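See below for the structure under consideration.
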Amino acid sequence: MFGVNKRVLPGFGLSLGFTLVYLSLIVLIPLSAVFLKTSTMSWDELVSAVAAPRVVASYKLTFGASFLAAAINAVFGLLLAWGLTRYTFPGRKIVDALIDLPFALPTAVAGIALTAIYAKNGWIGALLEPLGIKIAFGPPGVLVALTFIGLPFVVRTVQPVLEDLETEYEEAAASLGATRWQAFQRVVFPTLFPALLTGFALAFARAVGEYGSVIFIAGNIPMVSEITPLIIITKLEQFDYKGATAVASVMLVISFLLLLVINGLQAWTARRTGRAI
Amino acid sequence: MSIEVIGISKTFGTFKALNNVSLNFPDGELVALLGPSGCGKTTLLRVIAGLEHADTGRIVLDGADATDKDVRQRRVGFVFQHYALFRHMTVFENIAFGLRVRPRRERPSEKDIRAKVNRLLDLVQLGWVANRFPSQLSGGQRQRIALARALAVEPRVLLLDEPFGALDAKVRKELRRWLRTLHDELHISSIFVTHDQEEALEVSDRIVLVNKGQVEQIGTPKEIYEQPATAFAYSFIGSVNEFRGRVDGDFVRVGDEKLRFQTGTFKNGQEVVAFSRPHDTEIVANPQSEDGVSASIKRILGTGAVARVELVANGEAREGRKEFFEVEIPGSDVQSLGLSTGQHVKLRGRRLSVFADQNGTQAAS
């Protein structure tokens, strides 16, 4: 029964089996444990755990700030990638290496550093204080931290596409009478868009799960600047394991749905522009 | 539209790509810029298009100075070697691009755009691929679409950079015949860059032969082929046998041997290079003959009307002498001369063209 459908590439059974086992061990089984634990709760318990006003406020902050941070990163990450690929300037390699720093830095270090800078008595915080802008210890602080940790994702996904995009396309557009802006808008940007979307999705996913850097700068005021991962930790510390897994399940489901939507969007743009999916 | 190039020079770092080039392209002709790779022909084309700016010199289009105009204002159609079709647009949208990016006041209506694009698709005989994406087309089809896209903006001149360079031999041949027919229909002044002499000879009205950033010769394909003006022109166009030596009276002395030549006035002892086309080269079966350069037959190809004989020089490779020779003789001569592989013979030029050897690497005699 296996001999009928011969494939050119051998080892299909083995590699698929390995993929599934590995994915199960690393991702699916731990995640299903979350749902399993949650399923032991009664409906009322579940609703009171996941729909408490304080928890709902944290969802709004976590997903809202993550979305905003990913959007900011999409814009500025694109600019950075553009600068790094299109121009040569002294120190370019160093700047290029700096981009990865948020990847490598322990998130707690990032959180402390950002707090030190943006607090009332920090370098930037002190400048903004007289203007009535408060960043650290409030929702804007959360946004700053999430933007910081998400930046490399956009730059690193867009950069290779931009490097491969030969100037020939822009030259062709110009020779057909397009202005610089039209060439960017109609030729360069559509080519970059799928990569940009991937970068956005990665930055967003990373921001949703971020904990370490945010708790230092957020101030963690209930209903105002408390993120969902912190709620989960708090519940764990109070030995409310069921409550923690319930909130975690909600996070998982929302994240999964959002990533599904982004993937769908990608497939749609790919189809619309004739690329294989 | 006429194109005038006046004293153009262009340097990339320390590399002189173009060195004081002046040219005049007459209206309505299909001109080939021919030369080996790295000779500056593509740079010249890009300077004419406005994609590159020359260090010195001027470009005059239709009698008006266009040196400081950018590519958008010059209204030239440019076709790239690798097509540069926009991957995310359908073939239709690719061709319509130049019309859609016009300022609102000059932009044709959607209906007019549609009609025009369809007309162009018919012109390049690809009406049925309008809704496909470039990645779904073959190389030859892509290049025809690229051409249609360039023509959509009604350029005053069409510039093609190695348009068939990325295609396989068969498609290439088809496409260049097609380009010739298209040009005869449209009569738009066109310049195309190529390193393929066969392509230039077959397609163009006029050839500009470029070497090391300078123009070597300008002429019709017939002139270029039959009366090469310089040693470079001779060796670059068509296959040729090359003999380097010193002038000695009516002979060119090549090593210990000599070749008789008729034309040209050279001082005795001057270092020269002599060329002879394969069909103008004679084989003398007697290896003791006074006149001729000795060689031995390596292969005899073809037994029809024309036989091609490949030979190598005798003895060790001497400096300054080309190792390999090629001779075309009537097939019957192979029999009558009794030629066979391995035989030692002498070669002689029926119409030897002799040029002063500039980079004289001369064998000691």
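Within each chain, counting starts at residue 1; across the structure tokens, chains are named A, B, ... in the order shown, with ligands numbered 1 upward in that order.
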### Task
Identify all residues of range 73-112 of chain B in alpha helix (DSSP H) (DSSP on the backbone) and supply them as a PyMOL selection string.
chain B and resi 73-74+91-100+110-112
Can those selected residues be exported to a file as an mmCIF file, in the first residue's frame so that it contains C-alpha atoms?
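Okay, again.cif is ready:
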data_model
loop_
_atom_site.group_PDB
_atom_site.id
_atom_site.type_symbol
_atom_site.label_atom_id
_atom_site.label_comp_id
_atom_site.auth_asym_id
_atom_site.auth_seq_id
_atom_site.Cartn_x
_atom_site.Cartn_y
_atom_site.Cartn_z
ATOM 1 C CA GLN B 73 11.858 63.748 -19.076
ATOM 2 C CA ARG B 74 13.813 62.180 -21.921
ATOM 3 C CA VAL B 91 1.030 41.469 -17.911
ATOM 4 C CA PHE B 92 -1.794 43.901 -18.650
ATOM 5 C CA GLU B 93 -0.937 46.127 -15.680
ATOM 6 C CA ASN B 94 2.751 46.000 -16.559
ATOM 7 C CA ILE B 95 2.048 47.426 -19.993
ATOM 8 C CA ALA B 96 -0.463 49.915 -18.613
ATOM 9 C CA PHE B 97 2.003 51.148 -15.967
ATOM 10 C CA GLY B 98 3.473 53.969 -18.036
ATOM 11 C CA LEU B 99 -0.005 55.284 -18.807
ATOM 12 C CA ARG B 100 -1.323 55.014 -15.258
ATOM 13 C CA GLU B 110 -9.600 53.646 -18.525
ATOM 14 C CA LYS B 111 -11.203 52.762 -21.848
ATOM 15 C CA ASP B 112 -8.320 54.249 -23.827
#
Mind dumping a table of every chain B residue within 6 Å of chain A, with the nearest atom pair and its distance in Å to one decimal, using only C-alpha atoms, sorted by chain and rising number, as a tab-separated table?
residue	atom	partner	partner_atom	distance
B:Val71	CA	A:Ser175	CA	5.5
B:Arg72	CA	A:Gly177	CA	4.7
B:Ala84	CA	A:Tyr169	CA	5.4
B:His88	CA	A:Thr273	CA	4.4
B:Gly98	CA	A:Leu176	CA	4.7
B:Val101	CA	A:Ala178	CA	5.5
B:Phe133	CA	A:Gly274	CA	5.7
File of the preceding selection, N, CA and C atoms, as a PDB file, in the first residue's frame:
ATOM      1  N   VAL B  71      15.769  60.670 -16.641  1.00  0.00           N
ATOM      2  CA  VAL B  71      15.212  59.636 -17.508  1.00  0.00           C
ATOM      3  C   VAL B  71      13.721  59.852 -17.785  1.00  0.00           C
ATOM      4  N   ARG B  72      12.985  60.401 -16.812  1.00  0.00           N
ATOM      5  CA  ARG B  72      11.545  60.609 -17.000  1.00  0.00           C
ATOM      6  C   ARG B  72      11.263  61.622 -18.093  1.00  0.00           C
ATOM      7  N   ALA B  84      13.040  43.090 -16.145  1.00  0.00           N
ATOM      8  CA  ALA B  84      12.575  44.027 -15.116  1.00  0.00           C
ATOM      9  C   ALA B  84      11.067  44.233 -15.155  1.00  0.00           C
ATOM     10  N   HIS B  88       4.573  41.785  -9.293  1.00  0.00           N
ATOM     11  CA  HIS B  88       3.277  41.729  -8.607  1.00  0.00           C
ATOM     12  C   HIS B  88       2.144  42.243  -9.481  1.00  0.00           C
ATOM     13  N   GLY B  98       3.013  52.661 -17.552  1.00  0.00           N
ATOM     14  CA  GLY B  98       3.473  53.969 -18.036  1.00  0.00           C
ATOM     15  C   GLY B  98       2.331  54.946 -18.273  1.00  0.00           C
ATOM     16  N   VAL B 101       0.762  56.067 -14.549  1.00  0.00           N
ATOM     17  CA  VAL B 101       1.529  56.959 -13.670  1.00  0.00           C
ATOM     18  C   VAL B 101       1.572  58.391 -14.208  1.00  0.00           C
ATOM     19  N   PHE B 133       0.730  36.486 -14.742  1.00  0.00           N
ATOM     20  CA  PHE B 133       1.805  37.213 -14.093  1.00  0.00           C
ATOM     21  C   PHE B 133       3.123  36.889 -14.801  1.00  0.00           C
TER      22      PHE B 133
END
### Query
Leaving out Asn241 in chain B and any residue of its chain fewer than 5 positions from it, which residues lie within 9 Å of it when counting only C-alpha atoms, given as a ChimeraX atom specification?
/B:235,274-278,281,322,324-327
Can I get the selection written as a PDB file, in the first residue's frame, with N, CA and C atoms?
ATOM      1  N   SER B 235      39.551  41.146 -35.569  1.00  0.00           N
ATOM      2  CA  SER B 235      39.546  39.948 -34.732  1.00  0.00           C
ATOM      3  C   SER B 235      38.222  39.741 -34.015  1.00  0.00           C
ATOM      4  N   ALA B 274      48.748  40.139 -38.831  1.00  0.00           N
ATOM      5  CA  ALA B 274      48.098  39.879 -40.113  1.00  0.00           C
ATOM      6  C   ALA B 274      46.885  38.989 -39.893  1.00  0.00           C
ATOM      7  N   PHE B 275      45.775  39.326 -40.562  1.00  0.00           N
ATOM      8  CA  PHE B 275      44.553  38.545 -40.402  1.00  0.00           C
ATOM      9  C   PHE B 275      44.139  37.921 -41.724  1.00  0.00           C
ATOM     10  N   SER B 276      43.530  36.776 -41.615  1.00  0.00           N
ATOM     11  CA  SER B 276      42.997  36.144 -42.809  1.00  0.00           C
ATOM     12  C   SER B 276      41.739  35.389 -42.405  1.00  0.00           C
ATOM     13  N   ARG B 277      40.624  35.650 -43.118  1.00  0.00           N
ATOM     14  CA  ARG B 277      39.385  34.932 -42.822  1.00  0.00           C
ATOM     15  C   ARG B 277      39.544  33.459 -43.196  1.00  0.00           C
ATOM     16  N   PRO B 278      38.834  32.564 -42.546  1.00  0.00           N
ATOM     17  CA  PRO B 278      38.961  31.131 -42.859  1.00  0.00           C
ATOM     18  C   PRO B 278      38.761  30.824 -44.338  1.00  0.00           C
ATOM     19  N   THR B 281      41.802  31.710 -46.505  1.00  0.00           N
ATOM     20  CA  THR B 281      43.069  31.082 -46.141  1.00  0.00           C
ATOM     21  C   THR B 281      43.263  29.828 -46.999  1.00  0.00           C
ATOM     22  N   LYS B 322      49.119  32.802 -32.465  1.00  0.00           N
ATOM     23  CA  LYS B 322      47.889  32.143 -32.081  1.00  0.00           C
ATOM     24  C   LYS B 322      48.004  30.662 -32.429  1.00  0.00           C
ATOM     25  N   PHE B 324      45.764  28.263 -32.785  1.00  0.00           N
ATOM     26  CA  PHE B 324      44.720  27.519 -33.470  1.00  0.00           C
ATOM     27  C   PHE B 324      44.326  28.208 -34.783  1.00  0.00           C
ATOM     28  N   PHE B 325      44.157  27.420 -35.839  1.00  0.00           N
ATOM     29  CA  PHE B 325      43.732  28.000 -37.113  1.00  0.00           C
ATOM     30  C   PHE B 325      42.491  27.292 -37.632  1.00  0.00           C
ATOM     31  N   GLU B 326      41.765  28.013 -38.474  1.00  0.00           N
ATOM     32  CA  GLU B 326      40.553  27.450 -39.037  1.00  0.00           C
ATOM     33  C   GLU B 326      40.514  27.830 -40.513  1.00  0.00           C
ATOM     34  N   VAL B 327      40.288  26.858 -41.361  1.00  0.00           N
ATOM     35  CA  VAL B 327      40.288  27.122 -42.801  1.00  0.00           C
ATOM     36  C   VAL B 327      39.034  26.515 -43.415  1.00  0.00           C
TER      37      VAL B 327
END
### Task
May I ask which of the residues A:Leu196, A:Ile117, A:Val144, A:Ala108 is the closest one to Tyr211 in chain A, counting only C-alpha atoms?
A:Ala108
### Task
Enumerate the residues of range 232-313 of chain B with a DSSP assignment of strand (DSSP E), computed from the backbone, and present them as a PyMOL selection string.
chain B and resi 241-248+251-254+257-260+271-276+281-284+293-301+306-313
Mind dumping the selected residues with N, CA and C atoms as a CSV table (one decimal), in the first residue's frame?
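Here's the written file again.csv:
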chain,number,residue,atom,x,y,z
B,241,ASN,N,41.9,34.0,-38.7
B,241,ASN,CA,43.2,33.5,-38.3
B,241,ASN,C,44.2,34.7,-38.2
B,242,GLU,N,45.0,34.6,-37.1
B,242,GLU,CA,45.8,35.7,-36.8
B,242,GLU,C,47.3,35.3,-36.8
B,243,PHE,N,48.1,36.1,-37.4
B,243,PHE,CA,49.6,35.9,-37.5
B,243,PHE,C,50.3,37.1,-37.0
B,244,ARG,N,51.1,37.0,-36.0
B,244,ARG,CA,51.9,38.1,-35.6
B,244,ARG,C,53.3,38.0,-36.0
B,245,GLY,N,53.9,39.1,-36.5
B,245,GLY,CA,55.3,39.0,-37.0
B,245,GLY,C,55.8,40.4,-37.3
B,246,ARG,N,56.9,40.4,-38.1
B,246,ARG,CA,57.6,41.6,-38.5
B,246,ARG,C,57.6,41.8,-40.0
B,247,VAL,N,57.5,43.0,-40.5
B,247,VAL,CA,57.5,43.2,-41.9
B,247,VAL,C,58.9,43.0,-42.4
B,248,ASP,N,59.0,42.3,-43.5
B,248,ASP,CA,60.3,42.0,-44.2
B,248,ASP,C,60.0,42.1,-45.7
B,251,PHE,N,56.9,40.5,-47.3
B,251,PHE,CA,56.5,39.4,-46.5
B,251,PHE,C,56.3,39.9,-45.0
B,252,VAL,N,55.5,39.1,-44.3
B,252,VAL,CA,55.5,39.2,-42.9
B,252,VAL,C,56.2,38.0,-42.4
B,253,ARG,N,57.2,38.3,-41.6
B,253,ARG,CA,58.0,37.2,-41.1
B,253,ARG,C,57.4,36.7,-39.7
B,254,VAL,N,57.0,35.5,-39.7
B,254,VAL,CA,56.4,34.9,-38.5
B,254,VAL,C,57.3,33.8,-38.0
B,257,GLU,N,59.3,31.6,-40.4
B,257,GLU,CA,58.6,31.5,-41.7
B,257,GLU,C,58.1,32.8,-42.1
B,258,LYS,N,57.6,32.8,-43.4
B,258,LYS,CA,57.1,34.1,-43.9
B,258,LYS,C,55.8,34.0,-44.7
B,259,LEU,N,55.0,35.1,-44.7
B,259,LEU,CA,53.8,35.1,-45.4
B,259,LEU,C,53.8,36.3,-46.4
B,260,ARG,N,53.4,36.1,-47.6
B,260,ARG,CA,53.4,37.2,-48.5
B,260,ARG,C,52.2,38.0,-48.3
B,271,GLU,N,56.5,45.8,-36.3
B,271,GLU,CA,55.7,44.7,-35.8
B,271,GLU,C,54.3,44.8,-36.3
B,272,VAL,N,53.8,43.8,-36.8
B,272,VAL,CA,52.4,43.8,-37.4
B,272,VAL,C,51.7,42.6,-37.0
B,273,VAL,N,50.3,42.7,-37.1
B,273,VAL,CA,49.5,41.5,-37.0
B,273,VAL,C,48.7,41.3,-38.3
B,274,ALA,N,48.7,40.1,-38.8
B,274,ALA,CA,48.1,39.9,-40.1
B,274,ALA,C,46.9,39.0,-39.9
B,275,PHE,N,45.8,39.3,-40.6
B,275,PHE,CA,44.6,38.5,-40.4
B,275,PHE,C,44.1,37.9,-41.7
B,276,SER,N,43.5,36.8,-41.6
B,276,SER,CA,43.0,36.1,-42.8
B,276,SER,C,41.7,35.4,-42.4
B,281,THR,N,41.8,31.7,-46.5
B,281,THR,CA,43.1,31.1,-46.1
B,281,THR,C,43.3,29.8,-47.0
B,282,GLU,N,44.5,29.7,-47.5
B,282,GLU,CA,44.8,28.5,-48.3
B,282,GLU,C,45.6,27.5,-47.6
B,283,ILE,N,45.4,26.2,-47.9
B,283,ILE,CA,46.3,25.2,-47.4
B,283,ILE,C,47.2,24.7,-48.5
B,284,VAL,N,48.5,24.8,-48.2
B,284,VAL,CA,49.5,24.3,-49.2
B,284,VAL,C,49.9,22.9,-48.7
B,293,VAL,N,52.9,29.5,-43.3
B,293,VAL,CA,53.2,29.2,-41.9
B,293,VAL,C,52.8,27.7,-41.7
B,294,SER,N,53.7,27.0,-41.1
B,294,SER,CA,53.4,25.6,-41.0
B,294,SER,C,52.5,25.3,-39.8
B,295,ALA,N,51.7,24.3,-40.1
B,295,ALA,CA,50.7,23.8,-39.1
B,295,ALA,C,50.3,22.4,-39.4
B,296,SER,N,49.7,21.7,-38.4
B,296,SER,CA,49.3,20.4,-38.7
B,296,SER,C,47.8,20.3,-38.5
B,297,ILE,N,47.2,19.4,-39.4
B,297,ILE,CA,45.7,19.3,-39.4
B,297,ILE,C,45.3,18.5,-38.2
B,298,LYS,N,44.3,19.1,-37.5
B,298,LYS,CA,43.8,18.4,-36.3
B,298,LYS,C,42.5,17.7,-36.6
B,299,ARG,N,41.6,18.4,-37.3
B,299,ARG,CA,40.3,17.8,-37.6
B,299,ARG,C,39.8,18.3,-39.0
B,300,ILE,N,39.1,17.5,-39.7
B,300,ILE,CA,38.5,17.9,-40.9
B,300,ILE,C,37.0,17.7,-40.7
B,301,LEU,N,36.2,18.8,-40.8
B,301,LEU,CA,34.8,18.7,-40.5
B,301,LEU,C,34.0,19.0,-41.7
B,306,VAL,N,31.4,22.7,-48.4
B,306,VAL,CA,32.4,23.4,-47.7
B,306,VAL,C,33.0,22.5,-46.6
B,307,ALA,N,34.3,22.3,-46.6
B,307,ALA,CA,34.9,21.6,-45.5
B,307,ALA,C,35.6,22.5,-44.6
B,308,ARG,N,35.5,22.3,-43.3
B,308,ARG,CA,36.2,23.1,-42.3
B,308,ARG,C,37.4,22.4,-41.8
B,309,VAL,N,38.5,22.9,-41.9
B,309,VAL,CA,39.7,22.2,-41.4
B,309,VAL,C,40.3,23.0,-40.2
B,310,GLU,N,40.5,22.3,-39.1
B,310,GLU,CA,41.0,22.9,-37.9
B,310,GLU,C,42.5,22.5,-37.8
B,311,LEU,N,43.4,23.5,-37.6
B,311,LEU,CA,44.8,23.1,-37.5
B,311,LEU,C,45.4,23.8,-36.3
B,312,VAL,N,46.5,23.2,-35.9
B,312,VAL,CA,47.3,23.8,-34.8
B,312,VAL,C,48.7,24.1,-35.3
B,313,ALA,N,49.3,25.1,-34.7
B,313,ALA,CA,50.6,25.5,-35.1
B,313,ALA,C,51.6,24.4,-34.8
### Query
From the list B:Lys222, B:His279, B:His195, B:Arg350, which residue is nearest Leu34 in chain B when using only C-alpha atoms?
B:His195
Residues at most 10 Å from range 221-234 of chain A, counting only C-alpha atoms, excluding those fewer than 4 positions away in the same chain, as an mmCIF file with N, CA and C atoms, in the first residue's frame?
data_model
loop_
_atom_site.group_PDB
_atom_site.id
_atom_site.type_symbol
_atom_site.label_atom_id
_atom_site.label_comp_id
_atom_site.auth_asym_id
_atom_site.auth_seq_id
_atom_site.Cartn_x
_atom_site.Cartn_y
_atom_site.Cartn_z
ATOM 1 N N PRO A 53 -13.043 42.535 35.355
ATOM 2 C CA PRO A 53 -12.696 43.826 34.728
ATOM 3 C C PRO A 53 -11.189 44.058 34.662
ATOM 4 N N ARG A 54 -10.489 43.675 35.735
ATOM 5 C CA ARG A 54 -9.052 43.909 35.767
ATOM 6 C C ARG A 54 -8.350 43.087 34.682
ATOM 7 N N VAL A 55 -8.836 41.856 34.456
ATOM 8 C CA VAL A 55 -8.236 40.990 33.435
ATOM 9 C C VAL A 55 -8.559 41.509 32.036
ATOM 10 N N VAL A 56 -9.802 41.922 31.843
ATOM 11 C CA VAL A 56 -10.201 42.443 30.531
ATOM 12 C C VAL A 56 -9.386 43.686 30.183
ATOM 13 N N ALA A 57 -9.167 44.552 31.165
ATOM 14 C CA ALA A 57 -8.345 45.745 30.933
ATOM 15 C C ALA A 57 -6.939 45.340 30.492
ATOM 16 N N SER A 58 -6.443 44.239 31.076
ATOM 17 C CA SER A 58 -5.089 43.814 30.716
ATOM 18 C C SER A 58 -5.043 43.277 29.289
ATOM 19 N N TYR A 59 -6.123 42.581 28.855
ATOM 20 C CA TYR A 59 -6.157 42.136 27.448
ATOM 21 C C TYR A 59 -6.053 43.332 26.519
ATOM 22 N N LYS A 60 -6.872 44.323 26.835
ATOM 23 C CA LYS A 60 -6.902 45.501 25.961
ATOM 24 C C LYS A 60 -5.522 46.122 25.866
ATOM 25 N N LEU A 61 -4.856 46.251 27.015
ATOM 26 C CA LEU A 61 -3.534 46.865 27.023
ATOM 27 C C LEU A 61 -2.540 45.996 26.255
ATOM 28 N N THR A 62 -2.523 44.697 26.581
ATOM 29 C CA THR A 62 -1.536 43.810 25.962
ATOM 30 C C THR A 62 -1.696 43.776 24.441
ATOM 31 N N PHE A 63 -2.922 43.496 23.986
ATOM 32 C CA PHE A 63 -3.103 43.353 22.535
ATOM 33 C C PHE A 63 -3.058 44.705 21.827
ATOM 34 N N ALA A 65 -1.413 47.516 22.834
ATOM 35 C CA ALA A 65 -0.048 48.043 22.801
ATOM 36 C C ALA A 65 0.822 47.212 21.861
ATOM 37 N N PHE A 137 6.208 53.987 33.863
ATOM 38 C CA PHE A 137 5.174 53.721 34.866
ATOM 39 C C PHE A 137 3.781 54.085 34.378
ATOM 40 N N GLY A 138 3.495 53.743 33.128
ATOM 41 C CA GLY A 138 2.167 53.963 32.569
ATOM 42 C C GLY A 138 2.089 53.243 31.238
ATOM 43 N N PRO A 139 0.932 53.246 30.589
ATOM 44 C CA PRO A 139 0.781 52.567 29.296
ATOM 45 C C PRO A 139 1.809 52.991 28.243
ATOM 46 N N PRO A 140 2.191 54.296 28.150
ATOM 47 C CA PRO A 140 3.203 54.639 27.134
ATOM 48 C C PRO A 140 4.506 53.862 27.342
ATOM 49 N N GLY A 141 4.839 53.577 28.614
ATOM 50 C CA GLY A 141 6.038 52.799 28.911
ATOM 51 C C GLY A 141 5.951 51.404 28.319
ATOM 52 N N VAL A 142 4.751 50.814 28.421
ATOM 53 C CA VAL A 142 4.537 49.479 27.845
ATOM 54 C C VAL A 142 4.810 49.517 26.342
ATOM 55 N N VAL A 208 3.136 40.345 22.326
ATOM 56 C CA VAL A 208 2.042 39.796 23.129
ATOM 57 C C VAL A 208 2.600 38.951 24.271
ATOM 58 N N GLY A 209 3.654 38.198 23.984
ATOM 59 C CA GLY A 209 4.200 37.307 24.997
ATOM 60 C C GLY A 209 5.228 37.956 25.901
ATOM 61 N N GLU A 210 5.567 39.232 25.636
ATOM 62 C CA GLU A 210 6.656 39.851 26.379
ATOM 63 C C GLU A 210 6.275 40.076 27.854
ATOM 64 N N TYR A 211 7.235 39.782 28.723
ATOM 65 C CA TYR A 211 6.979 39.958 30.151
ATOM 66 C C TYR A 211 8.101 40.764 30.797
ATOM 67 N N GLY A 212 9.330 40.234 30.658
ATOM 68 C CA GLY A 212 10.483 40.750 31.399
ATOM 69 C C GLY A 212 10.692 42.242 31.321
ATOM 70 N N VAL A 214 8.661 44.587 30.208
ATOM 71 C CA VAL A 214 7.500 45.443 30.444
ATOM 72 C C VAL A 214 7.279 45.697 31.935
ATOM 73 N N ILE A 215 7.429 44.643 32.745
ATOM 74 C CA ILE A 215 7.047 44.822 34.146
ATOM 75 C C ILE A 215 7.893 45.873 34.867
ATOM 76 N N ILE A 217 9.015 48.758 33.454
ATOM 77 C CA ILE A 217 8.702 50.124 33.015
ATOM 78 C C ILE A 217 7.210 50.443 33.141
ATOM 79 N N GLN A 238 -0.281 33.366 43.704
ATOM 80 C CA GLN A 238 -1.325 33.165 44.717
ATOM 81 C C GLN A 238 -1.851 31.740 44.681
ATOM 82 N N PHE A 239 -1.137 30.846 44.017
ATOM 83 C CA PHE A 239 -1.502 29.435 43.884
ATOM 84 C C PHE A 239 -2.849 29.231 43.219
ATOM 85 N N ASP A 240 -3.274 30.228 42.423
ATOM 86 C CA ASP A 240 -4.517 30.089 41.669
ATOM 87 C C ASP A 240 -4.174 29.535 40.285
ATOM 88 N N TYR A 241 -3.768 28.243 40.266
ATOM 89 C CA TYR A 241 -3.299 27.657 39.004
ATOM 90 C C TYR A 241 -4.385 27.637 37.952
ATOM 91 N N GLY A 243 -6.991 29.609 37.598
ATOM 92 C CA GLY A 243 -7.219 30.972 37.092
ATOM 93 C C GLY A 243 -6.142 31.359 36.103
ATOM 94 N N ALA A 244 -4.886 31.017 36.441
ATOM 95 C CA ALA A 244 -3.758 31.366 35.569
ATOM 96 C C ALA A 244 -3.899 30.687 34.214
ATOM 97 N N THR A 245 -4.199 29.388 34.214
ATOM 98 C CA THR A 245 -4.317 28.684 32.930
ATOM 99 C C THR A 245 -5.524 29.169 32.144
ATOM 100 N N ALA A 246 -6.580 29.579 32.840
ATOM 101 C CA ALA A 246 -7.763 30.082 32.134
ATOM 102 C C ALA A 246 -7.409 31.342 31.356
ATOM 103 N N VAL A 247 -6.730 32.279 32.018
ATOM 104 C CA VAL A 247 -6.326 33.518 31.340
ATOM 105 C C VAL A 247 -5.358 33.194 30.205
ATOM 106 N N ALA A 248 -4.446 32.244 30.497
ATOM 107 C CA ALA A 248 -3.484 31.842 29.468
ATOM 108 C C ALA A 248 -4.205 31.286 28.240
ATOM 109 N N MET A 251 -5.550 34.054 26.138
ATOM 110 C CA MET A 251 -4.447 34.667 25.390
ATOM 111 C C MET A 251 -4.073 33.830 24.170
#
### Query
What is the distance, in Å and to one decimal place, between CA of Val117 in chain B and CA of Ala150 in chain B?
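CA of Ala150 in chain B lies 11.4 Å from CA of Val117 in chain B.
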### Residue neighbourhood range 24-26 of chain B, 10 Å, only C-alpha atoms, exclusion window fewer than 3 positions, as an MDAnalysis selection string
chainID B and resid 1:6 29:31 60:61 189:191 206 208
### Query
If you count only C-alpha atoms, which residues fall within 12 Å of Lys173 in chain B, apart from same-chain ones fewer than 6 positions away, as JSON, numbers by chain?
{"B": [140, 163, 164, 165, 167, 179, 180, 196, 198, 199, 200, 202, 203]}
Those residues you just picked out, can you put them in a file as a compact mmCIF listing (two decimals), in the first residue's frame with N, CA and C atoms?
# COMPACT_ATOMS: atom_id res chain seq x y z
N GLY B 140 11.31 34.42 -23.51
CA GLY B 140 11.04 35.15 -24.74
C GLY B 140 9.76 35.97 -24.66
N PRO B 163 19.04 42.76 -25.18
CA PRO B 163 17.66 42.29 -25.02
C PRO B 163 17.50 40.77 -25.10
N PHE B 164 18.42 40.11 -25.79
CA PHE B 164 18.25 38.67 -25.95
C PHE B 164 19.30 37.89 -25.17
N GLY B 165 20.04 38.61 -24.34
CA GLY B 165 21.19 38.01 -23.64
C GLY B 165 20.81 36.86 -22.73
N LEU B 167 18.35 34.69 -23.10
CA LEU B 167 17.49 33.69 -23.73
C LEU B 167 18.32 32.58 -24.37
N LEU B 179 12.24 41.23 -33.90
CA LEU B 179 12.57 42.63 -33.59
C LEU B 179 12.80 43.40 -34.88
N ARG B 180 13.49 42.76 -35.82
CA ARG B 180 13.77 43.40 -37.10
C ARG B 180 12.45 43.73 -37.82
N ASP B 196 27.15 39.96 -29.14
CA ASP B 196 27.05 38.87 -30.09
C ASP B 196 27.14 39.45 -31.51
N GLU B 198 27.10 38.07 -34.37
CA GLU B 198 26.15 37.50 -35.31
C GLU B 198 24.82 38.25 -35.24
N GLU B 199 24.41 38.53 -33.98
CA GLU B 199 23.17 39.25 -33.74
C GLU B 199 23.23 40.64 -34.37
N ALA B 200 24.35 41.33 -34.14
CA ALA B 200 24.50 42.68 -34.67
C ALA B 200 24.49 42.66 -36.20
N GLU B 202 23.15 40.53 -38.18
CA GLU B 202 21.89 40.07 -38.76
C GLU B 202 20.78 41.09 -38.63
N VAL B 203 20.72 41.79 -37.49
CA VAL B 203 19.56 42.60 -37.18
C VAL B 203 19.69 44.07 -37.57
### Message
Need to verify the contact set: Thr56 in chain B, 10 Å, only C-alpha atoms, exclusion of same-chain residues closer than 6 positions in sequence. Can you return it as a PyMOL selection string?
### Response
chain B and resi 6-11+19-20+67
Convert the current residue selection to file output with N, CA and C atoms, as a tab-separated table (two decimals), in the first residue's frame.
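Contents of the output file selection.tsv:
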chain	number	residue	atom	x	y	z
B	6	ILE	N	27.99	63.73	-27.65
B	6	ILE	CA	29.14	64.61	-27.90
B	6	ILE	C	30.14	64.53	-26.75
B	7	GLY	N	31.28	63.96	-27.03
B	7	GLY	CA	32.41	63.96	-26.09
B	7	GLY	C	32.11	63.39	-24.73
B	8	ILE	N	31.41	62.25	-24.69
B	8	ILE	CA	31.03	61.66	-23.40
B	8	ILE	C	32.19	60.88	-22.78
B	9	SER	N	32.49	61.19	-21.52
B	9	SER	CA	33.44	60.39	-20.74
B	9	SER	C	32.78	59.99	-19.44
B	10	LYS	N	33.12	58.80	-18.99
B	10	LYS	CA	32.55	58.33	-17.72
B	10	LYS	C	33.56	57.42	-17.05
B	11	THR	N	33.82	57.71	-15.79
B	11	THR	CA	34.78	56.91	-15.03
B	11	THR	C	34.10	56.32	-13.81
B	19	ASN	N	35.50	56.89	-22.97
B	19	ASN	CA	36.58	57.85	-23.14
B	19	ASN	C	36.29	58.74	-24.34
B	20	ASN	N	35.72	59.91	-24.06
B	20	ASN	CA	35.48	60.91	-25.09
B	20	ASN	C	34.78	60.34	-26.33
B	67	THR	N	21.23	66.80	-21.69
B	67	THR	CA	22.24	66.34	-20.73
B	67	THR	C	21.74	66.39	-19.29
